[in-house]
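run-v9.csv, holding CSV, C-alpha atoms:
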chain,number,residue,atom,x,y,z
A,1,MET,CA,-26.1,-0.5,2.1
A,2,GLN,CA,-24.4,-3.6,0.7
A,3,MET,CA,-24.1,-5.6,4.0
A,4,SER,CA,-23.6,-8.9,2.2
A,5,ALA,CA,-20.9,-7.4,0.0
A,6,LEU,CA,-19.2,-6.0,3.1
A,7,LEU,CA,-19.3,-9.3,5.0
A,8,THR,CA,-17.8,-11.0,1.9
A,9,LYS,CA,-15.0,-8.4,1.8
A,10,MET,CA,-14.3,-8.8,5.5
A,11,ALA,CA,-14.2,-12.6,5.1
A,12,LEU,CA,-11.6,-12.0,2.3
A,13,PHE,CA,-9.6,-9.8,4.6
A,14,VAL,CA,-9.5,-12.5,7.3
A,15,ILE,CA,-8.5,-15.2,4.9
A,16,VAL,CA,-5.7,-13.3,3.2
A,17,ILE,CA,-4.5,-11.9,6.6
A,18,LEU,CA,-4.3,-15.5,7.9
A,19,ILE,CA,-2.4,-16.6,4.8
A,20,GLY,CA,0.0,-13.8,5.4
A,21,MET,CA,0.5,-14.6,9.1
A,22,PHE,CA,1.0,-18.3,8.2
A,23,GLY,CA,3.6,-17.4,5.6
A,24,ALA,CA,5.4,-15.2,8.0
A,25,ARG,CA,5.5,-17.8,10.7
A,26,LYS,CA,6.8,-20.4,8.2
A,27,LYS,CA,9.5,-17.9,7.1
A,28,ILE,CA,8.1,-18.0,3.5
A,29,LEU,CA,7.2,-14.3,3.7
A,30,THR,CA,10.3,-12.5,5.0
A,31,LYS,CA,11.1,-8.9,5.9
A,32,ASP,CA,12.6,-8.3,2.5
A,33,PHE,CA,9.3,-9.6,0.9
A,34,ASN,CA,7.3,-7.2,3.2
A,35,ARG,CA,9.6,-4.3,2.2
A,36,GLY,CA,9.2,-4.9,-1.5
A,37,LEU,CA,5.5,-5.6,-1.3
A,38,SER,CA,5.0,-2.5,0.8
A,39,TRP,CA,6.7,-0.4,-1.8
A,40,LEU,CA,4.5,-1.8,-4.6
A,41,ILE,CA,1.3,-1.3,-2.6
A,42,VAL,CA,2.0,2.3,-1.7
A,43,ASN,CA,3.6,3.4,-5.0
A,44,VAL,CA,1.6,1.3,-7.5
A,45,PHE,CA,-1.6,-0.4,-6.3
A,46,ILE,CA,-2.9,2.4,-4.0
A,47,VAL,CA,-2.0,5.0,-6.6
A,48,ALA,CA,-4.0,3.1,-9.2
A,49,ALA,CA,-6.9,2.7,-6.7
A,50,ILE,CA,-7.0,6.4,-6.0
A,51,ILE,CA,-6.9,7.4,-9.7
A,52,ASN,CA,-9.4,4.7,-10.6
A,53,SER,CA,-11.8,5.9,-8.0
A,54,VAL,CA,-12.0,9.2,-9.9
A,55,ILE,CA,-12.3,7.9,-13.4
A,56,SER,CA,-14.8,5.3,-12.3
A,57,MET,CA,-17.1,7.9,-10.9
A,58,ASP,CA,-20.1,9.4,-12.6
A,59,ALA,CA,-19.4,13.1,-13.0
A,60,SER,CA,-22.7,13.8,-11.3
A,61,ASP,CA,-21.6,11.9,-8.1
A,62,ILE,CA,-19.7,14.9,-6.7
A,63,ALA,CA,-20.0,18.5,-7.8
A,64,LEU,CA,-16.8,20.5,-8.0
A,65,GLY,CA,-17.9,22.7,-5.1
A,66,GLU,CA,-18.2,19.7,-2.8
A,67,LEU,CA,-14.5,19.1,-2.8
A,68,GLY,CA,-14.0,21.8,-0.2
A,69,ILE,CA,-16.7,20.4,2.0
A,70,ILE,CA,-15.3,16.9,1.8
A,71,LEU,CA,-11.8,18.2,2.8
A,72,LEU,CA,-13.3,20.2,5.6
A,73,ILE,CA,-15.3,17.3,7.0
A,74,SER,CA,-12.4,14.9,6.6
A,75,SER,CA,-10.0,17.3,8.3
A,76,LEU,CA,-12.5,17.7,11.2
A,77,THR,CA,-12.9,14.0,11.6
A,78,TYR,CA,-9.1,13.4,11.8
A,79,VAL,CA,-8.7,16.3,14.3
A,80,VAL,CA,-11.5,14.7,16.4
A,81,LEU,CA,-9.7,11.3,16.3
A,82,TYR,CA,-6.4,12.9,17.5
A,83,LEU,CA,-8.2,14.9,20.2
A,84,LEU,CA,-9.9,11.7,21.5
A,85,GLY,CA,-6.6,9.8,21.5
A,86,ALA,CA,-4.8,12.6,23.3
A,87,LEU,CA,-7.5,13.1,25.9
A,88,THR,CA,-7.9,9.4,26.6
A,89,VAL,CA,-4.2,8.9,27.2
A,90,ARG,CA,-3.9,12.0,29.4
A,91,LEU,CA,-7.0,11.6,31.4
A,92,LEU,CA,-6.3,7.9,32.2
A,93,ARG,CA,-2.6,8.7,32.9
A,94,VAL,CA,-1.1,6.0,30.8
A,95,ASP,CA,2.5,5.2,31.4
A,96,GLU,CA,4.7,7.7,29.6
A,97,GLY,CA,6.8,5.0,28.0
A,98,LYS,CA,3.7,3.7,26.2
A,99,ALA,CA,1.7,6.9,26.0
A,100,PRO,CA,3.0,8.4,22.7
A,101,GLN,CA,2.6,5.1,20.8
A,102,LEU,CA,-0.8,4.4,22.3
A,103,GLU,CA,-2.0,7.9,21.4
A,104,LEU,CA,-1.0,7.4,17.8
A,105,LEU,CA,-2.5,3.9,17.7
A,106,MET,CA,-5.8,5.5,18.8
A,107,SER,CA,-5.5,8.5,16.5
A,108,ALA,CA,-4.0,7.3,13.2
A,109,ILE,CA,-6.2,4.8,11.3
A,110,ASN,CA,-5.3,2.4,8.5
A,111,ASN,CA,-6.9,4.7,5.9
A,112,LEU,CA,-5.4,3.2,2.7
A,113,PHE,CA,-5.0,-0.6,3.5
A,114,VAL,CA,-8.4,-1.0,5.2
A,115,THR,CA,-10.6,2.1,5.2
A,116,LEU,CA,-10.5,2.7,1.5
A,117,PRO,CA,-11.4,-0.8,0.3
A,118,VAL,CA,-14.1,-1.1,3.0
A,119,VAL,CA,-15.7,2.3,2.1
A,120,GLU,CA,-15.5,1.5,-1.6
A,121,THR,CA,-17.4,-1.8,-0.9
A,122,VAL,CA,-20.1,0.1,0.9
A,123,TYR,CA,-20.4,3.3,-1.1
A,124,GLY,CA,-18.6,2.7,-4.4
A,125,SER,CA,-16.2,4.9,-6.2
A,126,LYS,CA,-17.5,8.1,-4.6
A,127,GLY,CA,-16.7,6.7,-1.2
A,128,ALA,CA,-13.2,5.7,-2.3
A,129,PHE,CA,-12.6,9.2,-3.6
A,130,ILE,CA,-13.7,10.7,-0.3
A,131,ILE,CA,-11.2,8.5,1.6
A,132,ALA,CA,-8.5,9.4,-0.9
A,133,LEU,CA,-9.1,13.1,-0.3
A,134,GLY,CA,-8.7,12.4,3.4
A,135,CYS,CA,-5.1,11.5,2.7
A,136,ILE,CA,-4.3,15.2,2.7
A,137,PRO,CA,-5.4,16.0,6.4
A,138,PHE,CA,-4.3,12.5,7.4
A,139,ASN,CA,-0.7,13.1,6.2
A,140,LEU,CA,-0.6,16.6,7.6
A,141,LEU,CA,-1.5,15.4,11.1
A,142,LEU,CA,0.5,12.2,11.2
A,143,TYR,CA,3.7,13.7,9.9
A,144,SER,CA,3.5,16.9,12.0
A,145,TYR,CA,1.9,16.3,15.4
A,146,GLY,CA,2.2,12.5,15.2
A,147,ILE,CA,6.0,12.4,14.6
A,148,ALA,CA,6.6,15.3,17.0
A,149,ARG,CA,4.7,13.3,19.7
A,150,LEU,CA,6.8,10.2,19.1
A,151,ARG,CA,10.1,12.2,19.0
A,152,GLY,CA,9.2,14.0,22.2
A,153,LYS,CA,10.5,17.5,22.9
A,154,GLY,CA,12.9,17.3,20.1
A,155,GLY,CA,10.3,16.6,17.5
A,156,LYS,CA,10.5,18.6,14.3
A,157,PHE,CA,8.1,19.1,11.4
A,158,ARG,CA,9.5,18.2,7.9
A,159,VAL,CA,7.6,19.1,4.8
A,160,LYS,CA,9.1,16.2,2.8
A,161,ASP,CA,7.6,13.7,5.2
A,162,ILE,CA,4.1,14.8,4.1
A,163,LEU,CA,4.7,14.4,0.4
A,164,SER,CA,4.0,10.7,0.2
A,165,THR,CA,3.2,9.0,-3.1
A,166,PRO,CA,-0.6,8.5,-2.2
A,167,LEU,CA,-0.8,12.2,-1.3
A,168,VAL,CA,0.6,13.1,-4.7
A,169,ALA,CA,-1.7,10.7,-6.4
A,170,THR,CA,-4.7,12.2,-4.5
A,171,LEU,CA,-3.7,15.7,-5.7
A,172,ALA,CA,-3.4,14.3,-9.3
A,173,ALA,CA,-6.9,12.7,-8.9
A,174,VAL,CA,-8.3,16.0,-7.7
A,175,LEU,CA,-6.8,17.7,-10.8
A,176,LEU,CA,-8.3,15.0,-13.1
A,177,PHE,CA,-11.7,15.5,-11.5
A,178,ALA,CA,-11.6,19.3,-11.5
A,179,LEU,CA,-10.5,19.6,-15.1
A,180,ARG,CA,-12.6,16.6,-16.3
A,181,ILE,CA,-9.6,15.2,-18.2
A,182,PRO,CA,-10.5,12.2,-20.3
A,183,VAL,CA,-8.6,9.0,-19.7
A,184,PRO,CA,-8.0,6.6,-22.7
A,185,THR,CA,-9.7,3.2,-22.4
A,186,PRO,CA,-6.5,1.1,-22.3
A,187,VAL,CA,-5.2,3.3,-19.4
A,188,ARG,CA,-8.6,2.8,-17.6
A,189,SER,CA,-8.3,-0.9,-18.0
A,190,ILE,CA,-4.8,-1.0,-16.6
A,191,LEU,CA,-5.7,1.2,-13.6
A,192,SER,CA,-8.8,-1.0,-13.0
A,193,SER,CA,-6.7,-4.2,-13.0
A,194,LEU,CA,-4.0,-2.7,-10.7
A,195,SER,CA,-6.7,-1.3,-8.4
A,196,ALA,CA,-8.3,-4.7,-8.0
A,197,ALA,CA,-5.0,-6.0,-6.6
A,198,THR,CA,-4.9,-3.4,-3.8
A,199,VAL,CA,-7.1,-5.3,-1.3
A,200,PRO,CA,-5.6,-8.8,-1.5
A,201,MET,CA,-2.0,-7.4,-1.6
A,202,SER,CA,-2.6,-5.0,1.3
A,203,MET,CA,-4.2,-7.8,3.4
A,204,LEU,CA,-1.3,-10.1,2.6
A,205,LEU,CA,1.1,-7.5,3.8
A,206,VAL,CA,-0.9,-6.8,6.9
A,207,GLY,CA,-0.9,-10.5,7.7
A,208,SER,CA,2.8,-11.0,6.9
A,209,SER,CA,3.7,-7.9,9.0
A,210,LEU,CA,1.7,-9.2,12.0
A,211,GLY,CA,2.7,-12.8,11.7
A,212,ASN,CA,5.5,-12.7,14.2
A,213,VAL,CA,3.6,-10.8,16.9
A,214,ASP,CA,2.9,-12.7,20.1
A,215,LEU,CA,-0.9,-12.2,20.2
A,216,GLY,CA,-1.2,-13.9,23.7
A,217,LYS,CA,1.3,-11.3,25.2
A,218,ALA,CA,-0.6,-8.5,23.5
A,219,LEU,CA,-3.9,-9.6,24.9
A,220,ARG,CA,-2.5,-9.7,28.4
A,221,ASP,CA,-1.6,-6.0,28.2
A,222,LYS,CA,-4.4,-4.0,29.9
A,223,SER,CA,-3.7,-1.0,27.6
A,224,MET,CA,-4.9,-3.0,24.7
A,225,PHE,CA,-8.4,-3.1,26.2
A,226,LEU,CA,-8.2,0.7,26.5
A,227,LEU,CA,-7.1,0.9,22.9
A,228,THR,CA,-9.9,-1.3,21.5
A,229,ALA,CA,-12.5,0.5,23.6
A,230,GLU,CA,-11.4,3.9,22.3
A,231,ARG,CA,-10.8,2.7,18.7
A,232,PHE,CA,-14.0,0.7,18.2
A,233,VAL,CA,-16.6,2.2,20.6
A,234,LEU,CA,-15.8,5.8,21.6
A,235,ALA,CA,-14.3,7.1,18.3
A,236,PRO,CA,-17.1,5.8,16.0
A,237,LEU,CA,-19.8,6.9,18.4
A,238,VAL,CA,-18.4,10.4,18.8
A,239,VAL,CA,-17.9,10.8,15.0
A,240,PHE,CA,-21.3,9.4,14.3
A,241,LEU,CA,-23.0,12.0,16.6
A,242,LEU,CA,-20.9,14.8,15.2
A,243,MET,CA,-21.7,13.8,11.6
A,244,LYS,CA,-25.4,13.7,12.4
A,245,LEU,CA,-25.2,17.3,13.5
A,246,ILE,CA,-23.1,18.8,10.7
A,247,CYS,CA,-23.2,16.5,7.7
A,248,GLY,CA,-26.2,16.0,5.5
A,249,ASP,CA,-24.5,13.9,2.8
A,250,GLU,CA,-25.2,10.2,3.6
A,251,VAL,CA,-22.1,8.9,1.8
A,252,LEU,CA,-19.7,11.4,3.3
A,253,ARG,CA,-21.2,10.9,6.8
A,254,GLY,CA,-21.0,7.1,6.4
A,255,ALA,CA,-17.4,7.2,5.1
A,256,MET,CA,-16.3,9.3,8.1
A,257,VAL,CA,-18.0,6.9,10.6
A,258,ILE,CA,-16.3,3.9,9.0
A,259,THR,CA,-13.0,5.8,9.1
A,260,ALA,CA,-13.4,6.2,12.8
A,261,ALA,CA,-14.0,2.5,13.2
A,262,THR,CA,-11.0,1.1,11.3
A,263,PRO,CA,-7.9,-0.3,12.9
A,264,SER,CA,-4.7,1.4,13.8
A,265,ALA,CA,-2.3,2.4,11.0
A,266,ILE,CA,0.7,0.1,10.3
A,267,LEU,CA,2.7,3.3,9.8
A,268,VAL,CA,2.7,3.8,13.6
A,269,THR,CA,5.3,1.0,13.9
A,270,ALA,CA,7.4,2.3,11.1
A,271,LEU,CA,7.4,5.8,12.6
A,272,SER,CA,8.1,4.5,16.1
A,273,LEU,CA,11.2,2.7,14.8
A,274,GLN,CA,12.3,5.8,12.9
A,275,THR,CA,12.0,8.0,16.0
A,276,GLY,CA,14.1,5.6,18.2
A,277,ARG,CA,11.3,3.7,19.9
A,278,SER,CA,10.7,0.0,20.0
A,279,GLY,CA,8.2,-1.2,17.4
A,280,GLU,CA,7.0,-4.2,19.5
A,281,TYR,CA,4.3,-2.4,21.5
A,282,SER,CA,2.8,-0.6,18.4
A,283,SER,CA,2.9,-3.9,16.5
A,284,GLU,CA,0.9,-5.6,19.2
A,285,GLY,CA,-1.7,-2.8,19.1
A,286,ILE,CA,-1.9,-3.0,15.3
A,287,THR,CA,-2.4,-6.7,15.4
A,288,VAL,CA,-5.1,-6.6,18.0
A,289,THR,CA,-7.1,-3.8,16.3
A,290,THR,CA,-6.7,-5.2,12.9
A,291,LEU,CA,-8.0,-8.7,13.9
A,292,LEU,CA,-10.9,-7.2,15.9
A,293,SER,CA,-11.9,-4.8,13.2
A,294,MET,CA,-12.9,-7.8,11.0
A,295,ILE,CA,-15.9,-8.1,13.5
A,296,THR,CA,-16.3,-4.5,14.6
A,297,ILE,CA,-16.5,-2.8,11.2
A,298,PRO,CA,-19.5,-4.8,10.0
A,299,LEU,CA,-21.1,-4.2,13.5
A,300,THR,CA,-20.5,-0.4,13.2
A,301,VAL,CA,-22.0,-0.4,9.7
A,302,TYR,CA,-25.0,-2.4,10.8
A,303,LEU,CA,-25.7,-0.4,14.0
A,304,LEU,CA,-24.8,3.1,13.0
A,305,LEU,CA,-25.3,3.4,9.2
Can the structure from this file be put into structure tokens for me?
Amino acid sequence: MQMSALLTKMALFVIVILIGMFGARKKILTKDFNRGLSWLIVNVFIVAAIINSVISMDASDIALGELGIILLISSLTYVVLYLLGALTVRLLRVDEGKAPQLELLMSAINNLFVTLPVVETVYGSKGAFIIALGCIPFNLLLYSYGIARLRGKGGKFRVKDILSTPLVATLAAVLLFALRIPVPTPVRSILSSLSAATVPMSMLLVGSSLGNVDLGKALRDKSMFLLTAERFVLAPLVVFLLMKLICGDEVLRGAMVITAATPSAILVTALSLQTGRSGEYSSEGITVTTLLSMITIPLTVYLLL
């Protein structure tokens, strides 16, 4: 377990997030900048990171037959996260105006911008590939149940919502892995360079996106304490206990526990706006969980893994 490397990575996260927040407050990093950078991250940098995670792996790291197990365990983990979010919101009778967004903030984690680079730091390319494979159940749940929950009774499932660029890249990565397709050295070099940009660019976007959120107002909202307790205590603990029972692979088990301990997905705000809800509340939740995760992720790794 590379704790020193993880702490270094989290320190990098904090620094670049703060730079992004400062840039947003000074109007240097605008909404147009965020839109363009978001497109680059999702369609170029993360795609490169996913493909690079496969071509960087030793062929002996994951046997072909393990793919199904990884998908099954990943799917189960995401289903558990959604069940925990739904049960918490319903049992505590959260105000219906906030309930759908709060539930999604608890259930949908920042798997590409935070989870993937953190897991790669701890477990290397095998861990990154495991998280990339998790894009499949993640997208299926978020763009089916997640959107339907935000839309209310009129929510509809649309296949085209699921087919995101990272998902297509994941399927391509699985094909490369399964067929053992050789990748030329120049292409490997390009993918490696682009992949290295994923973390700083993602954190810059996170900071820039959160720069205009009133953190003081967010911290005065009692539901934020409920969110952080569920996101950083209940979810990791439940997933840890579940993985101890059903998963014998140390890397897969650890990757799922870290997945359960990462902050809320930035996508929740985008989807809230698309479904006619205000993005302010979800932005506050994302800000709080993202900043706190810089402390809670290393603690989770130290205490549970």
Option closest in space to Met106 (chain A), from A:Ser282, A:Asn34, A:Ser272, A:Ser164 [counting all atoms listed in the file]: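 Under the stated criterion, the closest residue is A:Ser282.
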When you draw a straight line from CA of Ile50 (chain A) to CA of Leu18 (chain A), how long is it in Å?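 Computed distance, CA of Ile50 (chain A) to CA of Leu18 (chain A), equals 26.1 Å.
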Shell around region 283-285 of chain A at 8 Å using all atoms listed in the file, local window under 5 positions removed, as a PyMOL selection string: chain A and resi 102+105+210+213-215+218+224+227+264+266+269
Mind checking which residues fall within 10 Å of region 39-44 of chain A, counting only C-alpha atoms, ignoring those fewer than 4 positions away in the same chain, and posting them as a list of chain:residue names?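 Within the cut-off, the hits are A:Phe33, A:Asn34, A:Arg35, A:Ala48, A:Ala49, A:Leu112, A:Phe113, A:Ser164, A:Thr165, A:Pro166, A:Ala169, A:Leu191, A:Leu194, A:Ser195, A:Ala197, A:Thr198, A:Val199, A:Met201, A:Ser202, A:Leu205.
Remark: for Lys244 (chain A), the closest of the candidate residues A:Met203, A:Val80, A:Leu305, A:Ala24 is A:Leu305 (distances computed over only C-alpha atoms).
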With all atoms listed in the file as the basis for distance, which of A:Arg25, A:Asn110, A:Leu226, A:Pro182 is at the shortest distance from Thr262 (chain A)? A:Asn110
Could N, CA, C and O atoms be built for region 181-202 of chain A and written out as a compact mmCIF listing (two decimals), keeping the file's coordinate frame?
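The result, stored in result-v8.txt:
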# COMPACT_ATOMS: atom_id res chain seq x y z
N ILE A 181 -10.51 15.72 -17.14
CA ILE A 181 -9.60 15.20 -18.20
C ILE A 181 -9.95 13.83 -18.58
O ILE A 181 -10.05 12.94 -17.74
N PRO A 182 -10.14 13.58 -19.88
CA PRO A 182 -10.50 12.20 -20.30
C PRO A 182 -9.33 11.27 -20.23
O PRO A 182 -8.18 11.65 -20.48
N VAL A 183 -9.60 10.03 -19.85
CA VAL A 183 -8.60 9.00 -19.70
C VAL A 183 -8.82 7.93 -20.78
O VAL A 183 -9.92 7.38 -20.84
N PRO A 184 -7.83 7.61 -21.61
CA PRO A 184 -8.00 6.60 -22.70
C PRO A 184 -8.44 5.25 -22.09
O PRO A 184 -8.05 4.88 -20.98
N THR A 185 -9.21 4.50 -22.87
CA THR A 185 -9.70 3.20 -22.40
C THR A 185 -8.64 2.22 -22.00
O THR A 185 -8.79 1.55 -20.97
N PRO A 186 -7.52 2.08 -22.75
CA PRO A 186 -6.50 1.10 -22.30
C PRO A 186 -5.91 1.51 -20.93
O PRO A 186 -5.61 0.64 -20.11
N VAL A 187 -5.76 2.82 -20.68
CA VAL A 187 -5.20 3.30 -19.40
C VAL A 187 -6.26 2.97 -18.29
O VAL A 187 -5.90 2.53 -17.19
N ARG A 188 -7.53 3.16 -18.58
CA ARG A 188 -8.60 2.80 -17.60
C ARG A 188 -8.54 1.35 -17.25
O ARG A 188 -8.67 0.97 -16.08
N SER A 189 -8.33 0.50 -18.27
CA SER A 189 -8.30 -0.90 -18.00
C SER A 189 -7.11 -1.33 -17.16
O SER A 189 -7.25 -2.15 -16.24
N ILE A 190 -5.95 -0.73 -17.42
CA ILE A 190 -4.80 -1.00 -16.60
C ILE A 190 -4.96 -0.58 -15.17
O ILE A 190 -4.68 -1.32 -14.22
N LEU A 191 -5.48 0.64 -15.00
CA LEU A 191 -5.70 1.20 -13.60
C LEU A 191 -6.74 0.32 -12.89
O LEU A 191 -6.58 0.07 -11.70
N SER A 192 -7.76 -0.12 -13.59
CA SER A 192 -8.80 -1.00 -13.00
C SER A 192 -8.19 -2.29 -12.49
O SER A 192 -8.48 -2.76 -11.37
N SER A 193 -7.33 -2.90 -13.32
CA SER A 193 -6.70 -4.20 -13.00
C SER A 193 -5.78 -4.02 -11.77
O SER A 193 -5.79 -4.83 -10.83
N LEU A 194 -4.95 -2.97 -11.79
CA LEU A 194 -4.00 -2.70 -10.70
C LEU A 194 -4.80 -2.39 -9.40
O LEU A 194 -4.43 -2.82 -8.31
N SER A 195 -5.88 -1.63 -9.55
CA SER A 195 -6.70 -1.30 -8.40
C SER A 195 -7.30 -2.48 -7.73
O SER A 195 -7.37 -2.57 -6.49
N ALA A 196 -7.70 -3.47 -8.55
CA ALA A 196 -8.30 -4.70 -8.00
C ALA A 196 -7.34 -5.49 -7.15
O ALA A 196 -7.76 -6.27 -6.29
N ALA A 197 -6.04 -5.29 -7.37
CA ALA A 197 -5.00 -6.00 -6.60
C ALA A 197 -4.76 -5.38 -5.24
O ALA A 197 -4.09 -5.98 -4.39
N THR A 198 -5.27 -4.16 -5.02
CA THR A 198 -4.90 -3.40 -3.80
C THR A 198 -5.37 -4.16 -2.54
O THR A 198 -4.59 -4.30 -1.59
N VAL A 199 -6.61 -4.66 -2.52
CA VAL A 199 -7.10 -5.30 -1.30
C VAL A 199 -6.36 -6.59 -0.97
O VAL A 199 -5.82 -6.71 0.13
N PRO A 200 -6.27 -7.58 -1.89
CA PRO A 200 -5.60 -8.80 -1.50
C PRO A 200 -4.08 -8.58 -1.17
O PRO A 200 -3.56 -9.18 -0.22
N MET A 201 -3.42 -7.68 -1.91
CA MET A 201 -2.00 -7.40 -1.60
C MET A 201 -1.83 -6.70 -0.28
O MET A 201 -0.90 -7.00 0.48
N SER A 202 -2.72 -5.77 0.00
CA SER A 202 -2.60 -5.00 1.30
C SER A 202 -2.88 -5.97 2.45
O SER A 202 -2.16 -5.92 3.45
